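Data block for query_32.txt (compact mmCIF, C-alpha atoms):
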# COMPACT_ATOMS: atom_id res chain seq x y z
CA ILE A 151 128.15 -122.97 -73.68
CA LEU A 152 129.15 -120.97 -76.78
CA ASN A 153 130.73 -117.54 -76.71
CA VAL A 154 129.07 -114.83 -78.79
CA GLU A 155 130.76 -111.47 -78.45
CA GLN A 156 129.59 -108.06 -79.57
CA SER A 157 131.57 -104.87 -79.86
CA PRO A 158 131.51 -102.14 -78.95
CA GLN A 159 129.43 -102.42 -75.79
CA SER A 160 128.01 -98.94 -76.36
CA LEU A 161 128.23 -96.25 -78.99
CA HIS A 162 127.29 -92.57 -78.98
CA VAL A 163 126.98 -90.91 -82.40
CA GLN A 164 125.55 -87.73 -83.84
CA GLU A 165 122.50 -87.73 -86.09
CA GLY A 166 123.64 -88.36 -89.66
CA ASP A 167 126.72 -90.40 -88.71
CA SER A 168 127.12 -93.88 -90.14
CA THR A 169 128.10 -96.62 -87.76
CA ASN A 170 128.80 -100.32 -87.58
CA PHE A 171 128.92 -103.05 -84.95
CA THR A 172 130.57 -106.45 -84.82
CA CYS A 173 129.30 -109.85 -83.72
CA SER A 174 131.82 -112.69 -83.31
CA PHE A 175 130.71 -116.30 -83.02
CA PRO A 176 132.13 -119.84 -83.29
CA SER A 177 132.87 -120.77 -86.90
CA SER A 178 132.05 -124.46 -86.36
CA ASN A 179 128.55 -125.98 -86.39
CA PHE A 180 127.07 -122.81 -87.87
CA TYR A 181 123.38 -122.81 -88.74
CA ALA A 182 122.17 -119.21 -88.63
CA LEU A 183 123.05 -115.76 -87.36
CA HIS A 184 120.31 -113.39 -86.21
CA TRP A 185 120.25 -109.64 -85.56
CA TYR A 186 117.62 -108.10 -83.29
CA ARG A 187 116.74 -104.53 -82.40
CA TRP A 188 115.70 -103.93 -78.81
CA GLU A 189 114.21 -100.63 -77.73
CA THR A 190 113.98 -99.72 -74.06
CA ALA A 191 110.83 -101.09 -72.35
CA LYS A 192 109.96 -103.17 -75.41
CA SER A 193 110.74 -106.69 -76.63
CA PRO A 194 113.48 -107.60 -79.12
CA GLU A 195 112.38 -107.48 -82.75
CA ALA A 196 114.06 -109.41 -85.55
CA LEU A 197 116.04 -107.46 -88.13
CA PHE A 198 117.80 -110.16 -90.13
CA VAL A 199 118.35 -113.90 -90.24
CA MET A 200 121.38 -114.99 -92.26
CA THR A 201 122.33 -118.55 -93.06
CA LEU A 202 124.87 -118.53 -95.90
CA ASN A 203 128.49 -117.41 -95.93
CA GLY A 204 128.69 -114.10 -97.77
CA ASP A 205 125.03 -113.27 -97.10
CA GLU A 206 124.17 -109.59 -97.20
CA LYS A 207 120.80 -108.32 -96.00
CA LYS A 208 119.36 -104.82 -96.15
CA LYS A 209 116.34 -103.11 -94.62
CA GLY A 210 116.16 -99.39 -95.29
CA ARG A 211 119.31 -97.76 -93.87
CA ILE A 212 120.36 -100.90 -91.99
CA SER A 213 122.38 -103.69 -93.56
CA ALA A 214 124.30 -106.73 -92.37
CA THR A 215 126.99 -109.02 -93.70
CA LEU A 216 128.04 -112.51 -92.70
CA ASN A 217 131.35 -114.39 -92.76
CA THR A 218 130.84 -117.90 -91.39
CA LYS A 219 134.38 -119.10 -92.16
CA GLU A 220 135.97 -116.56 -89.83
CA GLY A 221 133.00 -116.27 -87.51
CA TYR A 222 131.83 -112.66 -87.68
CA SER A 223 128.96 -110.50 -88.81
CA TYR A 224 128.76 -106.73 -89.22
CA LEU A 225 125.68 -104.56 -88.81
CA TYR A 226 125.79 -101.17 -90.56
CA ILE A 227 123.53 -98.17 -90.05
CA LYS A 228 123.81 -95.44 -92.66
CA GLY A 229 122.92 -91.89 -91.62
CA SER A 230 121.87 -92.69 -88.05
CA GLN A 231 118.66 -91.11 -86.77
CA PRO A 232 117.54 -90.61 -83.13
CA GLU A 233 114.90 -93.31 -83.66
CA ASP A 234 117.73 -95.80 -84.32
CA SER A 235 118.69 -95.52 -80.64
CA ALA A 236 118.33 -99.04 -79.23
CA THR A 237 120.34 -102.09 -78.21
CA TYR A 238 121.30 -104.32 -81.14
CA LEU A 239 121.63 -108.00 -80.32
CA CYS A 240 123.09 -110.79 -82.36
CA ALA A 241 122.27 -114.45 -81.79
CA PHE A 242 124.11 -117.53 -83.05
CA SER A 243 122.23 -120.71 -83.82
CA GLY A 244 124.08 -123.97 -84.23
CA ASN A 245 122.40 -127.34 -84.30
CA PHE A 246 119.55 -128.41 -82.02
CA ASN A 247 117.42 -125.26 -82.15
CA LYS A 248 119.43 -123.40 -79.49
CA PHE A 249 120.19 -119.69 -79.65
CA TYR A 250 123.17 -118.00 -78.03
CA PHE A 251 122.90 -114.23 -77.68
CA GLY A 252 125.64 -111.67 -77.37
CA SER A 253 125.35 -109.00 -74.68
CA GLY A 254 124.43 -106.36 -77.26
CA THR A 255 125.64 -102.99 -78.52
CA LYS A 256 123.75 -100.03 -77.08
CA LEU A 257 123.46 -97.23 -79.64
CA ASN A 258 122.58 -93.68 -78.68
CA VAL A 259 122.02 -91.21 -81.53
CA LYS A 260 122.05 -87.55 -80.51
CA PRO A 261 119.97 -85.06 -82.51
CA ASN B 231 96.76 -111.90 -83.72
CA ALA B 232 98.10 -111.30 -80.21
CA GLY B 233 101.51 -112.83 -81.07
CA VAL B 234 103.29 -113.99 -77.91
CA THR B 235 101.65 -113.19 -74.59
CA GLN B 236 103.08 -113.58 -71.10
CA THR B 237 101.53 -113.43 -67.67
CA PRO B 238 102.09 -111.91 -65.22
CA LYS B 239 103.90 -108.70 -66.25
CA PHE B 240 105.31 -108.12 -62.76
CA GLN B 241 105.75 -110.35 -59.73
CA VAL B 242 107.39 -110.06 -56.33
CA LEU B 243 108.15 -113.27 -54.45
CA LYS B 244 109.76 -114.10 -51.14
CA THR B 245 112.66 -116.54 -51.05
CA GLY B 246 111.34 -120.11 -51.13
CA GLN B 247 107.99 -119.31 -52.75
CA SER B 248 107.00 -120.94 -55.99
CA MET B 249 105.32 -119.58 -59.08
CA THR B 250 104.61 -120.35 -62.72
CA LEU B 251 105.16 -117.94 -65.59
CA GLN B 252 102.73 -118.48 -68.44
CA CYS B 253 103.44 -118.02 -72.14
CA ALA B 254 101.15 -118.51 -75.13
CA GLN B 255 101.52 -117.90 -78.87
CA ASP B 256 98.86 -117.83 -81.56
CA MET B 257 101.15 -118.05 -84.61
CA ASN B 258 101.13 -121.86 -84.86
CA HIS B 259 104.88 -121.94 -84.14
CA ASN B 260 106.57 -125.23 -83.37
CA SER B 261 109.42 -124.02 -81.18
CA MET B 262 109.18 -122.02 -77.97
CA TYR B 263 111.85 -120.62 -75.64
CA TRP B 264 112.34 -119.14 -72.20
CA TYR B 265 115.13 -116.59 -71.62
CA ARG B 266 116.26 -114.48 -68.72
CA GLN B 267 117.77 -111.06 -69.15
CA ASP B 268 120.19 -109.65 -66.60
CA PRO B 269 122.09 -106.35 -66.83
CA GLY B 270 125.15 -106.60 -69.06
CA MET B 271 124.47 -110.24 -69.96
CA GLY B 272 122.11 -110.15 -72.90
CA LEU B 273 119.57 -112.97 -73.13
CA ARG B 274 120.39 -116.40 -71.71
CA LEU B 275 118.42 -119.47 -72.69
CA ILE B 276 116.81 -121.30 -69.77
CA TYR B 277 114.80 -124.02 -71.52
CA TYR B 278 113.35 -124.56 -74.94
CA SER B 279 110.82 -126.78 -76.65
CA ALA B 280 111.63 -127.64 -80.26
CA SER B 281 108.18 -129.09 -80.79
CA GLU B 282 105.08 -130.08 -78.86
CA GLY B 283 105.93 -132.84 -76.42
CA THR B 284 109.67 -132.11 -76.17
CA THR B 285 111.69 -129.89 -73.85
CA ASP B 286 115.45 -129.39 -73.47
CA LYS B 287 117.81 -127.50 -71.21
CA GLY B 288 119.45 -124.29 -72.27
CA GLU B 289 122.44 -122.49 -70.75
CA VAL B 290 121.00 -121.77 -67.30
CA PRO B 291 118.32 -124.39 -66.41
CA ASN B 292 119.08 -124.86 -62.70
CA GLY B 293 116.19 -123.90 -60.44
CA TYR B 294 113.60 -124.01 -63.23
CA ASN B 295 111.19 -126.49 -64.75
CA VAL B 296 109.07 -126.19 -67.89
CA SER B 297 105.96 -127.70 -69.38
CA ARG B 298 104.93 -127.62 -73.03
CA LEU B 299 101.22 -127.96 -72.35
CA ASN B 300 100.21 -127.97 -76.02
CA LYS B 301 101.44 -126.34 -79.21
CA ARG B 302 100.36 -122.88 -78.02
CA GLU B 303 101.51 -122.84 -74.39
CA PHE B 304 104.89 -123.15 -72.68
CA SER B 305 105.15 -122.47 -68.96
CA LEU B 306 108.17 -121.86 -66.71
CA ARG B 307 108.06 -122.87 -63.06
CA LEU B 308 110.22 -121.73 -60.18
CA GLU B 309 109.81 -124.33 -57.43
CA SER B 310 111.69 -122.48 -54.69
CA ALA B 311 112.56 -118.95 -55.70
CA ALA B 312 115.97 -117.50 -54.83
CA PRO B 313 117.22 -113.87 -55.01
CA SER B 314 119.54 -114.95 -57.86
CA GLN B 315 116.42 -115.54 -59.95
CA THR B 316 115.52 -111.87 -59.87
CA SER B 317 115.45 -111.02 -63.55
CA VAL B 318 113.32 -110.17 -66.56
CA TYR B 319 111.97 -113.29 -68.24
CA PHE B 320 111.12 -113.41 -71.93
CA CYS B 321 109.25 -116.08 -73.81
CA ALA B 322 109.78 -116.44 -77.56
CA SER B 323 108.56 -118.62 -80.38
CA THR B 324 109.66 -119.44 -83.90
CA THR B 325 108.35 -121.57 -86.71
CA SER B 326 111.61 -122.90 -88.06
CA GLY B 327 113.94 -123.67 -85.17
CA GLY B 328 117.38 -122.13 -85.53
CA ALA B 329 116.78 -120.44 -88.89
CA GLY B 330 113.46 -118.81 -88.06
CA GLU B 331 113.18 -115.34 -86.60
CA GLN B 332 112.03 -115.35 -83.01
CA PHE B 333 108.99 -113.44 -81.83
CA PHE B 334 109.22 -112.28 -78.24
CA GLY B 335 106.61 -111.70 -75.58
CA PRO B 336 106.51 -108.49 -73.51
CA GLY B 337 108.48 -109.96 -70.62
CA THR B 338 107.84 -110.67 -66.93
CA ARG B 339 109.78 -108.65 -64.36
CA LEU B 340 110.37 -110.88 -61.34
CA THR B 341 111.83 -109.76 -58.03
CA VAL B 342 112.73 -112.29 -55.34
CA LEU B 343 113.26 -110.81 -51.90
What is this structure when it is put down as structure tokens?
Amino acid sequence: ILNVEQSPQSLHVQEGDSTNFTCSFPSSNFYALHWYRWETAKSPEALFVMTLNGDEKKKGRISATLNTKEGYSYLYIKGSQPEDSATYLCAFSGNFNKFYFGSGTKLNVKP
Amino acid sequence: NAGVTQTPKFQVLKTGQSMTLQCAQDMNHNSMYWYRQDPGMGLRLIYYSASEGTTDKGEVPNGYNVSRLNKREFSLRLESAAPSQTSVYFCASTTSGGAGEQFFGPGTRLTVL
């Protein structure tokens, strides 16, 4: 069983604030790192899949970076909006098609 | 396209009863997964099927069995339900194994009394 850790566990910010979260994962046997957005009462939806060290992905105000050598990924949200409120999950994939999820960072953006 | 569908949406069982959770996808994906979600623990992999005809254990397989009926369908069976299996169960599929984004079903909320 692999350990995937996310921090912080929860975050409360004001509308307009920029924020970032961390996902730590094993640096050996790396295949891919995924970020998902999970709104209450819905299913997780994919944000990014990153496979190469140094990868940077961007979708609107949300971006992510990847460091496979030291085993971490950052997710950034610029100018947070209330609709960004959700739990953000990361998932590590090594060999053999398995995914290991972190416990998530719950973001609450106050208007 | 319906994506990933799951039935039932809700279920209440008594300890010792059995049931099968159904999952189907219409995206022609090769790999399918079953997860459980418990408070504070994120998603934990129960079983997965990398391709039609194969199944493998995940992190928490005890008390569960699976069947990959065909490329579209992947079912999860609880033979003798226990209160510890009270959880929300999600099915997911992906086209490219570990590097493909997963598409999730709406979830099944199971309560075992």
(message) Report, in Å with one decimal, the straight-line distance from CA of Tyr278 (chain B) to CA of Phe251 (chain A).
(response)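 Separating CA of Tyr278 (chain B) from CA of Phe251 (chain A) is a distance of 14.3 Å.
Atom to atom, CA of Ala182 (chain A) and CA of Leu225 (chain A) stand 15.1 Å apart.
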(request) Counting only C-alpha atoms, write as a list in words all protein and nucleic acid residues lying at most 10 Å from (116.2, -97.1, -73.0) in the file's frame. (result) Trp188, Glu189, Thr190, Ala191, Lys192, Ser235, Ala236, Thr237, Lys256, Leu257 and Asn258 of chain A
If you take only C-alpha atoms and a cut-off of 9 Å, which residues of chain B touch chain A, and what are their nearest atom pairs and distances in Å to one decimal, in chain and number order, as a Markdown table?
| residue | atom | partner | partner_atom | distance |
| --- | --- | --- | --- | --- |
| B:Ser261 | CA | A:Asn247 | CA | 8.2 |
| B:Tyr263 | CA | A:Lys248 | CA | 8.9 |
| B:Pro269 | CA | A:Ser253 | CA | 8.9 |
| B:Gly270 | CA | A:Ser253 | CA | 6.1 |
| B:Met271 | CA | A:Ser253 | CA | 5.0 |
| B:Gly272 | CA | A:Ser253 | CA | 3.9 |
| B:Leu273 | CA | A:Phe251 | CA | 5.8 |
| B:Arg274 | CA | A:Phe251 | CA | 6.8 |
| B:Leu275 | CA | A:Phe249 | CA | 7.2 |
| B:Tyr278 | CA | A:Lys248 | CA | 7.7 |
| B:Ser279 | CA | A:Asn247 | CA | 8.7 |
| B:Ala280 | CA | A:Asn247 | CA | 6.5 |
| B:Gly288 | CA | A:Lys248 | CA | 7.3 |
| B:Glu289 | CA | A:Ile151 | CA | 6.4 |
| B:Phe320 | CA | A:Ser193 | CA | 8.2 |
| B:Ser326 | CA | A:Asn247 | CA | 8.6 |
| B:Gly327 | CA | A:Asn247 | CA | 4.9 |
| B:Gly328 | CA | A:Asn247 | CA | 4.6 |
| B:Ala329 | CA | A:Ala182 | CA | 5.5 |
| B:Gly330 | CA | A:Val199 | CA | 7.3 |
| B:Glu331 | CA | A:Ala196 | CA | 6.1 |
| B:Gln332 | CA | A:Ala196 | CA | 6.8 |
| B:Phe333 | CA | A:Glu195 | CA | 6.9 |
| B:Phe334 | CA | A:Ser193 | CA | 6.0 |
| B:Gly335 | CA | A:Ser193 | CA | 6.6 |
| B:Pro336 | CA | A:Ser193 | CA | 5.6 |
| B:Gly337 | CA | A:Ser193 | CA | 7.2 |
(message) Please compute the CA of Val163 (chain A)-CA of Tyr226 (chain A) distance, one decimal, in Å.
(response)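 Separating CA of Val163 (chain A) from CA of Tyr226 (chain A) is a distance of 13.2 Å.
Shortest separation to Val342 (chain B) among B:Ser281, B:Gln267, B:Thr316, B:Gln252 occurs at residue B:Thr316, atoms counted being all atoms listed in the file.
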(message) Neighbouring residues of Tyr222 (chain A) were defined as those with any atom within 7 Å, considering only C-alpha atoms; residues of the same chain fewer than 5 positions away were excluded. Please report them as a ChimeraX atom specification.
(response) /A:172-175,216-217
(request) Might you pull out every residue within 12 Å of Ala312 (chain B), with only C-alpha atoms counted and same-chain residues fewer than 5 positions away left off, and present them as a ChimeraX atom specification? (result) /B:242-249,292-294,317,340-343
Restrict the selected residues to C-alpha atoms and save them as a short mmCIF file (atom, residue, chain, number, x, y, z; two decimals), in the coordinates of the input.
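selection_1.cif was written with the following content:
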data_model
loop_
_atom_site.label_atom_id
_atom_site.label_comp_id
_atom_site.auth_asym_id
_atom_site.auth_seq_id
_atom_site.Cartn_x
_atom_site.Cartn_y
_atom_site.Cartn_z
CA VAL B 242 107.39 -110.06 -56.33
CA LEU B 243 108.15 -113.27 -54.45
CA LYS B 244 109.76 -114.10 -51.14
CA THR B 245 112.66 -116.54 -51.05
CA GLY B 246 111.34 -120.11 -51.13
CA GLN B 247 107.99 -119.31 -52.75
CA SER B 248 107.00 -120.94 -55.99
CA MET B 249 105.32 -119.58 -59.08
CA ASN B 292 119.08 -124.86 -62.70
CA GLY B 293 116.19 -123.90 -60.44
CA TYR B 294 113.60 -124.01 -63.23
CA SER B 317 115.45 -111.02 -63.55
CA LEU B 340 110.37 -110.88 -61.34
CA THR B 341 111.83 -109.76 -58.03
CA VAL B 342 112.73 -112.29 -55.34
CA LEU B 343 113.26 -110.81 -51.90
#
(message) My list of candidates is A:Ser178, A:Gln164, A:Thr169, A:Asn203. Which is closest to Pro232 (chain A) when distances are computed with all atoms listed in the file?
(response)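 For Pro232 (chain A), the nearest of the candidates is A:Gln164.
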